[in-house]
file input26.txt (compact mmCIF, C-alpha atoms)
# COMPACT_ATOMS: atom_id res chain seq x y z
CA MET A 1 25.83 11.79 8.87
CA ASN A 2 25.38 9.18 11.60
CA VAL A 3 22.44 6.79 12.01
CA LEU A 4 20.55 9.16 14.34
CA GLU A 5 20.78 12.10 11.91
CA LEU A 6 19.89 9.98 8.90
CA THR A 7 16.87 8.54 10.75
CA GLY A 8 15.76 12.08 11.62
CA VAL A 9 16.04 13.30 8.01
CA ILE A 10 14.16 10.27 6.67
CA ALA A 11 11.44 10.67 9.32
CA LEU A 12 11.01 14.33 8.37
CA ILE A 13 10.79 13.59 4.62
CA SER A 14 8.27 10.81 5.34
CA LEU A 15 6.23 13.07 7.63
CA VAL A 16 5.90 15.75 4.95
CA ALA A 17 5.23 13.14 2.24
CA GLY A 18 2.56 11.46 4.36
CA PHE A 19 0.99 14.82 5.17
CA LEU A 20 0.84 16.02 1.55
CA GLY A 21 -0.12 12.57 0.32
CA SER A 22 -3.08 12.44 2.65
CA LEU A 23 -4.23 16.00 1.91
CA THR A 24 -4.07 15.50 -1.84
CA GLY A 25 -5.29 11.91 -1.76
CA LEU A 26 -2.31 10.77 -3.82
CA GLY A 27 -0.45 8.81 -1.16
CA GLY A 28 2.97 9.88 0.00
CA GLY A 29 4.82 6.73 -1.00
CA VAL A 30 5.76 7.86 -4.47
CA VAL A 31 7.83 10.78 -3.14
CA ILE A 32 9.79 8.94 -0.46
CA THR A 33 11.66 6.46 -2.64
CA PRO A 34 13.09 9.05 -5.06
CA ALA A 35 13.87 11.42 -2.16
CA MET A 36 15.80 8.69 -0.36
CA VAL A 37 17.65 7.66 -3.50
CA LEU A 38 18.36 11.10 -4.96
CA LEU A 39 18.94 13.17 -1.81
CA LEU A 40 20.41 10.62 0.58
CA GLY A 41 22.10 8.20 -1.81
CA ILE A 42 20.32 5.15 -0.38
CA ASP A 43 20.25 2.03 -2.54
CA LEU A 44 17.05 1.77 -4.59
CA HIS A 45 16.15 -1.69 -3.27
CA TYR A 46 16.27 -0.58 0.37
CA ALA A 47 14.25 2.52 -0.53
CA ILE A 48 11.45 0.62 -2.31
CA GLY A 49 11.36 -1.94 0.52
CA ALA A 50 10.88 0.74 3.19
CA THR A 51 8.31 2.64 1.13
CA LEU A 52 6.26 -0.47 0.37
CA ILE A 53 5.79 -1.15 4.08
CA SER A 54 4.71 2.45 4.70
CA VAL A 55 2.12 2.02 1.94
CA ILE A 56 0.55 -0.80 3.98
CA ALA A 57 0.44 1.44 7.06
CA THR A 58 -1.35 4.31 5.33
CA SER A 59 -3.72 2.02 3.45
CA SER A 60 -4.78 0.12 6.56
CA GLY A 61 -4.98 3.32 8.61
CA ALA A 62 -7.14 5.17 6.07
CA ALA A 63 -9.20 2.11 5.13
CA ALA A 64 -10.26 1.76 8.77
CA ALA A 65 -12.03 5.12 8.46
CA TYR A 66 -13.36 4.65 4.92
CA VAL A 67 -14.79 1.19 5.54
CA ARG A 68 -16.93 2.50 8.37
CA GLU A 69 -18.35 5.25 6.16
CA GLY A 70 -19.73 2.60 3.82
CA PHE A 71 -18.18 3.85 0.57
CA SER A 72 -15.81 1.02 -0.22
CA ASN A 73 -17.18 -2.08 -1.91
CA ILE A 74 -15.60 -5.17 -0.37
CA ARG A 75 -16.81 -7.52 -3.12
CA ILE A 76 -15.30 -5.39 -5.89
CA GLY A 77 -12.11 -5.02 -3.85
CA MET A 78 -11.80 -8.70 -3.05
CA PHE A 79 -12.48 -9.87 -6.61
CA LEU A 80 -9.97 -7.43 -8.11
CA GLU A 81 -7.40 -8.32 -5.45
CA ILE A 82 -6.96 -11.67 -7.23
CA ALA A 83 -5.48 -9.64 -10.10
CA THR A 84 -3.51 -7.17 -7.97
CA THR A 85 -1.92 -9.76 -5.65
CA ILE A 86 -0.84 -12.05 -8.51
CA GLY A 87 0.43 -8.96 -10.33
CA ALA A 88 2.26 -7.78 -7.21
CA VAL A 89 4.07 -11.08 -6.73
CA THR A 90 5.06 -11.04 -10.42
CA GLY A 91 6.32 -7.45 -10.14
CA ALA A 92 8.24 -8.12 -6.93
CA TYR A 93 9.86 -11.13 -8.57
CA LEU A 94 10.89 -9.02 -11.56
CA ALA A 95 12.34 -6.27 -9.33
CA ALA A 96 15.37 -8.44 -8.64
CA LEU A 97 15.97 -9.28 -12.30
CA ILE A 98 15.83 -5.72 -13.65
CA SER A 99 18.88 -3.45 -13.29
CA PRO A 100 18.50 -0.53 -10.85
CA SER A 101 18.97 1.95 -13.71
CA ALA A 102 16.10 0.47 -15.72
CA LEU A 103 14.01 0.35 -12.55
CA ALA A 104 14.70 4.07 -12.00
CA VAL A 105 13.51 4.92 -15.51
CA VAL A 106 10.28 2.94 -15.05
CA PHE A 107 9.82 4.60 -11.66
CA GLY A 108 10.29 8.03 -13.22
CA ALA A 109 7.76 7.30 -15.96
CA VAL A 110 5.16 6.17 -13.40
CA LEU A 111 5.87 9.32 -11.34
CA LEU A 112 5.38 11.55 -14.38
CA GLN A 113 2.08 9.87 -15.13
CA SER A 114 0.80 10.35 -11.58
CA ALA A 115 1.97 13.99 -11.52
CA TRP A 116 0.02 14.62 -14.71
CA MET A 117 -3.04 12.77 -13.42
CA SER A 118 -3.08 14.68 -10.15
CA THR A 119 -3.54 18.05 -11.84
CA ARG A 120 -6.52 16.91 -13.88
CA SER A 121 -10.03 17.16 -12.53
CA HIS A 122 -12.21 14.10 -12.53
CA PRO A 123 -15.08 13.89 -14.99
CA ALA A 124 -18.54 13.44 -13.53
CA VAL A 125 -19.69 9.86 -13.09
CA GLN A 126 -21.68 8.65 -16.06
CA GLY A 127 -24.62 6.66 -14.85
CA GLY A 128 -27.16 4.56 -16.66
CA ARG A 129 -24.76 2.12 -18.26
CA PRO A 130 -25.85 -1.48 -18.57
CA ALA A 131 -24.17 -3.72 -16.05
CA ASP A 132 -21.79 -6.43 -17.16
CA ARG A 133 -23.09 -10.02 -17.02
CA LEU A 134 -20.00 -10.87 -14.97
CA ALA A 135 -20.76 -7.97 -12.63
CA ASN A 136 -24.24 -9.37 -11.96
CA CYS A 137 -22.83 -12.85 -11.52
CA LEU A 138 -20.25 -11.66 -8.98
CA LYS A 139 -22.67 -9.30 -7.23
CA LEU A 140 -20.37 -6.33 -7.81
CA ASN A 141 -23.15 -3.76 -8.18
CA GLY A 142 -23.66 -1.78 -5.00
CA SER A 143 -24.78 1.45 -3.44
CA PHE A 144 -23.21 4.21 -1.37
CA PRO A 145 -24.50 6.80 1.08
CA VAL A 146 -25.53 10.20 -0.25
CA ALA A 147 -27.32 13.05 1.49
CA GLY A 148 -30.71 11.65 2.46
CA GLY A 149 -30.35 8.00 1.43
CA THR A 150 -28.25 5.74 -0.75
CA ARG A 151 -27.43 5.72 -4.46
CA ALA A 152 -27.13 2.49 -6.42
CA TYR A 153 -24.56 1.94 -9.15
CA LYS A 154 -23.84 -0.72 -11.74
CA VAL A 155 -20.44 -2.02 -12.74
CA SER A 156 -19.35 -2.64 -16.34
CA HIS A 157 -16.24 -3.84 -18.24
CA VAL A 158 -15.18 -6.18 -15.46
CA LYS A 159 -12.61 -8.01 -17.61
CA THR A 160 -10.87 -4.78 -18.69
CA GLY A 161 -10.77 -3.59 -15.08
CA PHE A 162 -9.33 -6.93 -13.99
CA GLY A 163 -6.58 -6.65 -16.61
CA ILE A 164 -5.61 -3.11 -15.59
CA MET A 165 -5.55 -4.27 -11.96
CA PHE A 166 -2.96 -6.91 -12.83
CA ILE A 167 -0.72 -4.16 -14.26
CA ALA A 168 -1.37 -1.96 -11.21
CA GLY A 169 -0.33 -4.85 -8.96
CA ALA A 170 2.79 -5.56 -11.03
CA LEU A 171 3.90 -1.90 -10.83
CA SER A 172 3.23 -1.94 -7.09
CA GLY A 173 5.43 -4.98 -6.63
CA LEU A 174 8.10 -3.72 -9.01
CA LEU A 175 8.44 -0.23 -7.53
CA GLY A 176 7.19 -0.58 -3.96
CA ILE A 177 4.37 1.91 -4.48
CA GLY A 178 0.64 1.66 -3.85
CA SER A 179 -0.34 2.35 -7.49
CA GLY A 180 -3.52 3.92 -6.20
CA ALA A 181 -3.81 6.18 -9.26
CA LEU A 182 -3.92 3.26 -11.68
CA LYS A 183 -6.33 1.32 -9.46
CA VAL A 184 -8.68 4.30 -9.51
CA ILE A 185 -8.40 4.52 -13.32
CA ALA A 186 -9.34 0.85 -13.60
CA MET A 187 -12.45 1.27 -11.46
CA ASP A 188 -13.54 4.82 -12.24
CA ARG A 189 -12.78 5.04 -15.97
CA ALA A 190 -12.93 1.41 -17.12
CA MET A 191 -15.55 -0.13 -14.86
CA HIS A 192 -17.66 3.03 -14.37
CA ILE A 193 -17.68 2.76 -10.61
CA PRO A 194 -18.48 6.10 -8.88
CA PHE A 195 -15.34 8.08 -8.08
CA LYS A 196 -15.76 8.08 -4.29
CA VAL A 197 -16.34 4.32 -4.27
CA SER A 198 -13.32 3.84 -6.57
CA THR A 199 -10.92 5.85 -4.42
CA THR A 200 -11.95 4.27 -1.11
CA THR A 201 -12.01 0.74 -2.53
CA SER A 202 -8.61 1.39 -4.13
CA ASN A 203 -7.24 2.50 -0.78
CA PHE A 204 -8.62 -0.67 0.76
CA MET A 205 -6.94 -2.81 -1.90
CA ILE A 206 -3.54 -1.10 -1.69
CA GLY A 207 -2.68 -2.75 1.65
CA VAL A 208 -3.50 -6.26 0.45
CA THR A 209 -1.59 -5.72 -2.80
CA ALA A 210 1.44 -4.39 -0.93
CA ALA A 211 1.33 -7.28 1.56
CA ALA A 212 1.65 -9.70 -1.38
CA SER A 213 4.88 -8.01 -2.52
CA ALA A 214 6.11 -7.55 1.05
CA GLY A 215 6.55 -11.31 1.43
CA VAL A 216 8.90 -11.39 -1.55
CA TYR A 217 10.72 -8.21 -0.45
CA LEU A 218 11.25 -9.61 3.02
CA GLN A 219 12.89 -12.81 1.78
CA ARG A 220 15.03 -10.82 -0.63
CA GLY A 221 16.32 -8.67 2.24
CA TYR A 222 14.93 -5.38 0.86
CA ILE A 223 13.32 -4.55 4.19
CA ASP A 224 15.87 -3.05 6.54
CA PRO A 225 14.40 -2.41 10.00
CA GLY A 226 16.54 0.65 10.77
CA LEU A 227 15.59 2.34 7.51
CA THR A 228 11.94 1.28 7.39
CA MET A 229 11.19 2.38 10.96
CA PRO A 230 11.40 6.19 10.36
CA VAL A 231 9.57 5.86 7.02
CA VAL A 232 6.61 3.95 8.48
CA LEU A 233 6.27 6.10 11.59
CA GLY A 234 6.80 9.36 9.68
CA VAL A 235 4.27 8.58 6.96
CA LEU A 236 1.75 7.34 9.51
CA ALA A 237 2.03 10.48 11.66
CA GLY A 238 1.94 12.73 8.58
CA SER A 239 -1.11 11.05 7.08
CA ILE A 240 -3.03 11.13 10.38
CA ALA A 241 -2.27 14.87 10.69
CA GLY A 242 -3.28 15.38 7.06
CA ALA A 243 -6.58 13.56 7.53
CA ARG A 244 -7.39 15.77 10.55
CA LEU A 245 -6.73 18.95 8.55
CA LEU A 246 -8.43 17.73 5.39
CA PRO A 247 -11.65 19.74 5.69
CA GLY A 248 -10.81 23.29 4.70
CA ALA A 249 -7.36 22.57 3.29
CA PRO A 250 -6.52 24.31 -0.01
CA THR A 251 -6.37 20.99 -1.87
CA ARG A 252 -6.22 22.56 -5.34
CA ILE A 253 -3.02 24.45 -4.57
CA LEU A 254 -1.58 21.48 -2.69
CA ARG A 255 -2.25 19.23 -5.69
CA TRP A 256 -0.19 21.53 -7.91
CA VAL A 257 2.62 21.73 -5.36
CA PHE A 258 2.59 17.95 -5.04
CA ALA A 259 2.51 17.50 -8.82
CA ALA A 260 5.49 19.86 -9.20
CA VAL A 261 7.50 17.94 -6.58
CA VAL A 262 6.61 14.57 -8.10
CA GLY A 263 7.35 15.83 -11.63
CA THR A 264 10.78 17.14 -10.62
CA LEU A 265 11.68 13.88 -8.89
CA ALA A 266 10.45 11.96 -11.95
CA VAL A 267 12.78 13.85 -14.29
CA GLU A 268 15.71 13.35 -11.88
CA MET A 269 15.00 9.61 -11.62
CA ILE A 270 14.82 9.19 -15.40
CA TYR A 271 17.99 11.24 -15.90
CA ASN A 272 19.89 9.22 -13.29
CA GLY A 273 18.58 5.99 -14.75
CA PHE A 274 19.78 6.82 -18.25
CA ALA A 275 23.08 8.19 -16.94
CA GLY A 276 23.61 4.86 -15.18
CA LYS A 277 24.05 6.52 -11.80
CA MET A 278 21.79 4.19 -9.85
CA MET B 279 -33.78 -12.54 12.12
CA PRO B 280 -32.42 -9.07 12.60
CA GLY B 281 -29.31 -8.82 14.75
CA GLN B 282 -28.51 -12.44 14.01
CA THR B 283 -27.26 -12.21 10.47
CA LEU B 284 -23.80 -10.96 9.63
CA THR B 285 -24.62 -8.08 7.30
CA ASP B 286 -22.09 -6.53 4.91
CA ARG B 287 -22.29 -3.38 7.01
CA ARG B 288 -21.36 -5.20 10.23
CA VAL B 289 -18.50 -6.99 8.47
CA ASP B 290 -17.24 -3.59 7.29
CA GLU B 291 -17.25 -2.29 10.84
CA ILE B 292 -15.36 -5.26 12.22
CA ILE B 293 -12.78 -5.03 9.43
CA GLY B 294 -12.37 -1.30 10.13
CA GLY B 295 -11.60 -2.03 13.78
CA LEU B 296 -9.24 -4.86 12.88
CA LEU B 297 -7.21 -2.59 10.61
CA ARG B 298 -7.13 0.29 13.08
CA TYR B 299 -5.90 -1.75 16.03
CA GLY B 300 -3.50 -3.72 13.85
CA VAL B 301 -1.82 -0.53 12.67
CA MET B 302 -1.74 0.98 16.17
CA LEU B 303 -0.20 -2.13 17.70
CA SER B 304 2.45 -2.52 15.02
CA ALA B 305 3.36 1.19 15.14
CA ALA B 306 3.87 0.87 18.91
CA VAL B 307 6.15 -2.16 18.49
CA VAL B 308 8.13 -0.46 15.69
CA ALA B 309 8.50 2.71 17.79
CA ALA B 310 9.68 0.77 20.85
CA GLY B 311 12.26 -1.13 18.79
CA GLY B 312 13.21 2.13 17.06
CA VAL B 313 14.01 3.97 20.29
CA TRP B 314 16.17 1.06 21.42
CA TYR B 315 17.86 0.93 18.01
CA LEU B 316 18.70 4.65 18.09
CA ILE B 317 20.07 4.43 21.64
CA GLN B 318 22.26 1.52 20.65
CA TYR B 319 23.33 2.49 17.13
CA GLY B 320 22.49 6.21 16.83
CA GLY B 321 26.12 7.30 16.73
CA SER B 322 27.38 4.74 14.22
CA ALA B 323 27.80 5.28 10.49
CA PRO B 324 24.95 4.10 8.22
CA ALA B 325 25.71 1.80 5.30
CA TYR B 326 22.77 1.92 2.94
CA HIS B 327 24.53 3.13 -0.19
CA VAL B 328 25.19 -0.37 -1.40
CA PHE B 329 22.61 -3.13 -1.27
CA ARG B 330 23.80 -6.06 0.81
CA SER B 331 20.50 -7.71 1.79
CA GLU B 332 19.57 -8.42 5.39
CA PRO B 333 20.88 -11.14 7.71
CA GLU B 334 19.10 -14.46 7.41
CA TYR B 335 17.13 -14.14 10.66
CA LEU B 336 15.51 -10.86 9.52
CA ARG B 337 14.37 -12.25 6.18
CA HIS B 338 11.91 -14.99 7.13
CA VAL B 339 8.73 -15.04 9.13
CA ARG B 340 10.03 -17.88 11.27
CA GLY B 341 13.38 -16.19 11.77
CA ILE B 342 11.78 -12.94 12.91
CA VAL B 343 9.31 -14.62 15.25
CA THR B 344 11.37 -17.42 16.76
CA GLY B 345 14.86 -16.99 15.23
CA ILE B 346 17.86 -16.30 17.42
CA PRO B 347 17.33 -16.53 21.16
CA GLY B 348 17.01 -13.26 23.06
CA PHE B 349 15.79 -9.87 21.91
CA HIS B 350 17.55 -7.56 19.58
CA CYS B 351 16.37 -4.06 18.62
CA ARG B 352 16.43 -4.68 14.87
CA ARG B 353 14.41 -7.83 15.35
CA ILE B 354 11.80 -5.98 17.45
CA ILE B 355 11.34 -3.45 14.64
CA GLN B 356 11.10 -6.27 12.10
CA LEU B 357 8.50 -7.97 14.31
CA GLY B 358 6.45 -4.75 14.30
CA LEU B 359 6.76 -4.51 10.52
CA LEU B 360 5.64 -8.13 10.22
CA LEU B 361 2.58 -7.29 12.33
CA LEU B 362 1.87 -4.44 9.94
CA ILE B 363 2.17 -6.75 6.92
CA SER B 364 -0.19 -9.16 8.69
CA THR B 365 -3.04 -6.66 9.13
CA PRO B 366 -4.25 -6.87 5.52
CA VAL B 367 -3.69 -10.64 5.61
CA ALA B 368 -5.85 -10.89 8.74
CA ARG B 369 -8.45 -8.78 7.00
CA VAL B 370 -8.61 -11.22 4.07
CA ALA B 371 -8.72 -14.21 6.45
CA PHE B 372 -11.60 -12.61 8.34
CA SER B 373 -13.42 -12.00 5.06
CA VAL B 374 -13.21 -15.73 4.23
CA ALA B 375 -15.01 -16.49 7.49
CA ALA B 376 -17.54 -13.69 6.96
CA PHE B 377 -18.43 -14.86 3.44
CA ALA B 378 -18.69 -18.44 4.72
CA LEU B 379 -21.17 -17.33 7.40
CA GLN B 380 -23.15 -15.51 4.71
CA ARG B 381 -23.09 -18.76 2.68
CA ASP B 382 -21.67 -16.87 -0.26
CA ARG B 383 -19.76 -19.74 -1.83
CA SER B 384 -18.30 -17.89 -4.81
CA TYR B 385 -16.82 -15.20 -2.55
CA VAL B 386 -15.39 -17.78 -0.16
CA VAL B 387 -13.48 -19.17 -3.16
CA ILE B 388 -12.41 -15.71 -4.41
CA THR B 389 -11.21 -14.67 -0.96
CA LEU B 390 -9.39 -17.99 -0.46
CA ILE B 391 -7.48 -17.43 -3.72
CA VAL B 392 -6.29 -14.02 -2.46
CA LEU B 393 -5.40 -15.47 0.96
CA THR B 394 -3.42 -18.30 -0.68
CA VAL B 395 -1.37 -15.85 -2.77
CA LEU B 396 -0.61 -13.80 0.35
CA LEU B 397 0.39 -16.80 2.47
CA LEU B 398 2.55 -18.33 -0.28
CA SER B 399 4.29 -14.98 -0.71
CA LEU B 400 4.94 -14.62 3.02
CA SER B 401 6.23 -18.18 3.26
CA GLY B 402 8.80 -17.37 0.58
CA ARG B 403 7.45 -19.48 -2.29
CA PHE B 404 7.72 -16.70 -4.84
CA SER B 405 11.11 -15.34 -3.94
CA GLY B 406 13.10 -17.44 -6.38

call {"tool": "encode", "arguments": {"input": "input26.txt", "output": "structure tokens"}}
result
Amino acid sequence: MNVLELTGVIALISLVAGFLGSLTGLGGGVVITPAMVLLLGIDLHYAIGATLISVIATSSGAAAAYVREGFSNIRIGMFLEIATTIGAVTGAYLAALISPSALAVVFGAVLLQSAWMSTRSHPAVQGGRPADRLANCLKLNGSFPVAGGTRAYKVSHVKTGFGIMFIAGALSGLLGIGSGALKVIAMDRAMHIPFKVSTTTSNFMIGVTAAASAGVYLQRGYIDPGLTMPVVLGVLAGSIAGARLLPGAPTRILRWVFAAVVGTLAVEMIYNGFAGKM
Amino acid sequence: MPGQTLTDRRVDEIIGGLLRYGVMLSAAVVAAGGVWYLIQYGGSAPAYHVFRSEPEYLRHVRGIVTGIPGFHCRRIIQLGLLLLISTPVARVAFSVAAFALQRDRSYVVITLIVLTVLLLSLSGRFSG
């Protein structure tokens, strides 16, 4: 396979990953790294470097639309980004110290968790909880548009959410992923922020978190222009197409398909990690 | 004074535009460099199976922006990727200014902490 053919294959994988990622709301990044490593035999560090940059592209691209709709909460995002960026830098630093095999096992475990999460439905938002003192102090409580007006919400368990965000950032930096799923857990489950606000704010935060790791990745030489180019452009094109088709797409079926793909890749990654094939 | 104050809503709209154009511009630069790269190196054999890091001039902000004289396709792509990395950084920098205009002192501090982490990371302070 020459450079042109390899670029074409990577662009195609990224296009499909970006498309499915956008339709299912799970982000395509998690699929690309294992696909590049397992199918194309690309070194794990190059693969996570390329994927991390594509995560910034989709986050910024999608956030542009979400921010205008008024769902994302910039104060919540900005405050929690202290935790995610410091976590990301820590994770990116650790990525060089951990052996590729161990990294593959951790990657596989995170993939399994997100595959499992994606098939579960989200519980209804529980309202009426008392707001945290810290949440009042930091003006985290907000409102979002609903049919015929706005709905206010209060934020609780700010410290727990902050702690989970550090871990989400560290995993993002370690594995070159967006860790959107964990960010949503921190906001939706721990801090009781409405689901729609959690997902859009998470998307908003992913780009900033990834940019913090990108600095470290760049200096380490994980970001190869020839390899990153088809990933970024493919994911971007795929996610734009996905967003256009989103209304009316059979998301339930797609979620299962996506979960099956992610689950299979997870098992392969863990197997290869333990077999020392990385 | 309506229309005078910088509301959260208006800030959101400006940030949305900033992100959109940032991504579009960087994608265009990456694509231009990519076409050149494929014309020049499309037929050669890839070597990504073993990690060997990147050449010095592709690993630092200064190297990518001002590094070696003349243009090179891999450097153009890297420049586009650097633009992409900068969009969230620009967003945070803009937020510092927006919170300052709103006289929200605690959020100026919070946003400055995030901006500092980002800039230190990009300048290579955390790379070990």

call {"tool": "closest_atom_pairs", "arguments": {"input": "input26.txt", "of": "chain A", "to": "chain B", "cutoff": "6 Å", "atoms": "only C-alpha atoms", "output": "tab-separated table"}}
result
residue	atom	partner	partner_atom	distance
A:Asn2	CA	B:Ala323	CA	4.7
A:Val3	CA	B:Gly320	CA	4.9
A:Leu4	CA	B:Gly320	CA	4.3
A:Gly41	CA	B:His327	CA	5.9
A:Ile42	CA	B:His327	CA	4.7
A:Asp43	CA	B:His327	CA	5.0
A:Ser60	CA	B:Leu297	CA	5.4
A:Gly61	CA	B:Arg298	CA	5.8
A:Ala64	CA	B:Gly294	CA	4.0
A:Val67	CA	B:Asp290	CA	5.6
A:Arg68	CA	B:Glu291	CA	5.4
A:Ile82	CA	B:Val392	CA	5.4
A:Gly207	CA	B:Pro366	CA	5.9
A:Val208	CA	B:Pro366	CA	5.2
A:Ala211	CA	B:Ile363	CA	5.5
A:Ala212	CA	B:Leu396	CA	5.0
A:Gly215	CA	B:Leu400	CA	4.0
A:Val216	CA	B:Ser405	CA	5.1
A:Leu218	CA	B:Arg337	CA	5.2
A:Gln219	CA	B:Arg337	CA	4.7
A:Gly221	CA	B:Ser331	CA	4.3
A:Pro225	CA	B:Gln356	CA	5.5

call {"tool": "atom_distance", "arguments": {"input": "input26.txt", "atom1": "CA of Ala152 (chain A)", "atom2": "CA of Gly77 (chain A)"}}
result
17.0 Å

call {"tool": "closest_residue", "arguments": {"input": "input26.txt", "among": "A:Ile206, A:Ala104, A:Ala47, A:Leu6", "to": "Ala63 (chain A)", "atoms": "only C-alpha atoms"}}
result
A:Ile206

call {"tool": "atom_distance", "arguments": {"input": "input26.txt", "atom1": "CA of Ile223 (chain A)", "atom2": "CA of His45 (chain A)"}}
result
8.5 Å

call {"tool": "atom_distance", "arguments": {"input": "input26.txt", "atom1": "CA of Ile76 (chain A)", "atom2": "CA of Gly238 (chain A)"}}
result
28.9 Å

call {"tool": "closest_residue", "arguments": {"input": "input26.txt", "among": "A:Thr84, A:Leu44, A:Val105, A:Pro230", "to": "Ala186 (chain A)", "atoms": "only C-alpha atoms"}}
result
A:Thr84

call {"tool": "closest_residue", "arguments": {"input": "input26.txt", "among": "A:Ile10, A:Val267, A:Ala241, A:Leu94", "to": "Gly176 (chain A)", "atoms": "only C-alpha atoms"}}
result
A:Leu94

call {"tool": "closest_residue", "arguments": {"input": "input26.txt", "among": "A:Ser143, A:Pro250, A:Met278, A:Ser213", "to": "Asn73 (chain A)", "atoms": "only C-alpha atoms"}}
result
A:Ser143

call {"tool": "residues_around", "arguments": {"input": "input26.txt", "residues": "Leu38 (chain A)", "least_positions_apart": "4", "cutoff": "8 Å", "atoms": "all atoms listed in the file", "output": "ChimeraX atom specification"}}
result
/A:34,42,268-269

call {"tool": "residues_around", "arguments": {"input": "input26.txt", "residues": "Gly27 (chain A)", "least_positions_apart": "2", "cutoff": "9 Å", "atoms": "all atoms listed in the file", "output": "PyMOL selection string"}}
result
chain A and resi 17-25+29-31+55+58-59+178+180+239

call {"tool": "closest_residue", "arguments": {"input": "input26.txt", "among": "A:Thr209, A:Thr264, A:Ser179, A:Thr90", "to": "Gly108 (chain A)", "atoms": "all atoms listed in the file"}}
result
A:Thr264

call {"tool": "residues_around", "arguments": {"input": "input26.txt", "residues": "Ile32 (chain A)", "least_positions_apart": "6", "cutoff": "7 Å", "atoms": "only C-alpha atoms", "output": "PDB file with C-alpha atoms, keeping the file's coordinate frame"}}
result
ATOM      1  CA  ILE A  13      10.790  13.590   4.620  1.00  0.00           C
ATOM      2  CA  SER A  14       8.270  10.810   5.340  1.00  0.00           C
ATOM      3  CA  ALA A  17       5.230  13.140   2.240  1.00  0.00           C
ATOM      4  CA  THR A  51       8.310   2.640   1.130  1.00  0.00           C
TER       5      THR A  51
END

call {"tool": "decode", "arguments": {"input": "input26.txt", "residues": "region 171-199 of chain A", "atoms": "C-alpha atoms", "output": "PDB file, in the first residue's frame"}}
result
ATOM      1  CA  LEU A 171      -8.248   9.773  29.881  1.00  0.00           C
ATOM      2  CA  SER A 172      -8.591  12.248  27.026  1.00  0.00           C
ATOM      3  CA  GLY A 173      -4.909  13.126  27.229  1.00  0.00           C
ATOM      4  CA  LEU A 174      -3.821   9.527  27.736  1.00  0.00           C
ATOM      5  CA  LEU A 175      -5.810   8.024  24.858  1.00  0.00           C
ATOM      6  CA  GLY A 176      -6.377  10.929  22.471  1.00  0.00           C
ATOM      7  CA  ILE A 177     -10.158  10.707  22.778  1.00  0.00           C
ATOM      8  CA  GLY A 178     -12.785  13.307  23.638  1.00  0.00           C
ATOM      9  CA  SER A 179     -14.112  11.409  26.699  1.00  0.00           C
ATOM     10  CA  GLY A 180     -17.485  12.952  26.021  1.00  0.00           C
ATOM     11  CA  ALA A 181     -19.310  10.037  27.666  1.00  0.00           C
ATOM     12  CA  LEU A 182     -17.552  10.540  31.000  1.00  0.00           C
ATOM     13  CA  LYS A 183     -18.019  14.314  30.837  1.00  0.00           C
ATOM     14  CA  VAL A 184     -21.737  13.790  30.369  1.00  0.00           C
ATOM     15  CA  ILE A 185     -21.823  11.373  33.340  1.00  0.00           C
ATOM     16  CA  ALA A 186     -20.127  13.998  35.514  1.00  0.00           C
ATOM     17  CA  MET A 187     -22.661  16.684  34.613  1.00  0.00           C
ATOM     18  CA  ASP A 188     -25.846  14.684  34.074  1.00  0.00           C
ATOM     19  CA  ARG A 189     -25.562  12.048  36.814  1.00  0.00           C
ATOM     20  CA  ALA A 190     -23.323  13.720  39.413  1.00  0.00           C
ATOM     21  CA  MET A 191     -24.205  17.394  39.111  1.00  0.00           C
ATOM     22  CA  HIS A 192     -27.848  16.919  38.037  1.00  0.00           C
ATOM     23  CA  ILE A 193     -27.543  19.184  35.045  1.00  0.00           C
ATOM     24  CA  PRO A 194     -30.278  18.553  32.407  1.00  0.00           C
ATOM     25  CA  PHE A 195     -29.182  16.018  29.798  1.00  0.00           C
ATOM     26  CA  LYS A 196     -29.355  18.355  26.798  1.00  0.00           C
ATOM     27  CA  VAL A 197     -27.319  20.995  28.630  1.00  0.00           C
ATOM     28  CA  SER A 198     -24.820  18.315  29.718  1.00  0.00           C
ATOM     29  CA  THR A 199     -24.252  16.932  26.226  1.00  0.00           C
TER      30      THR A 199
END
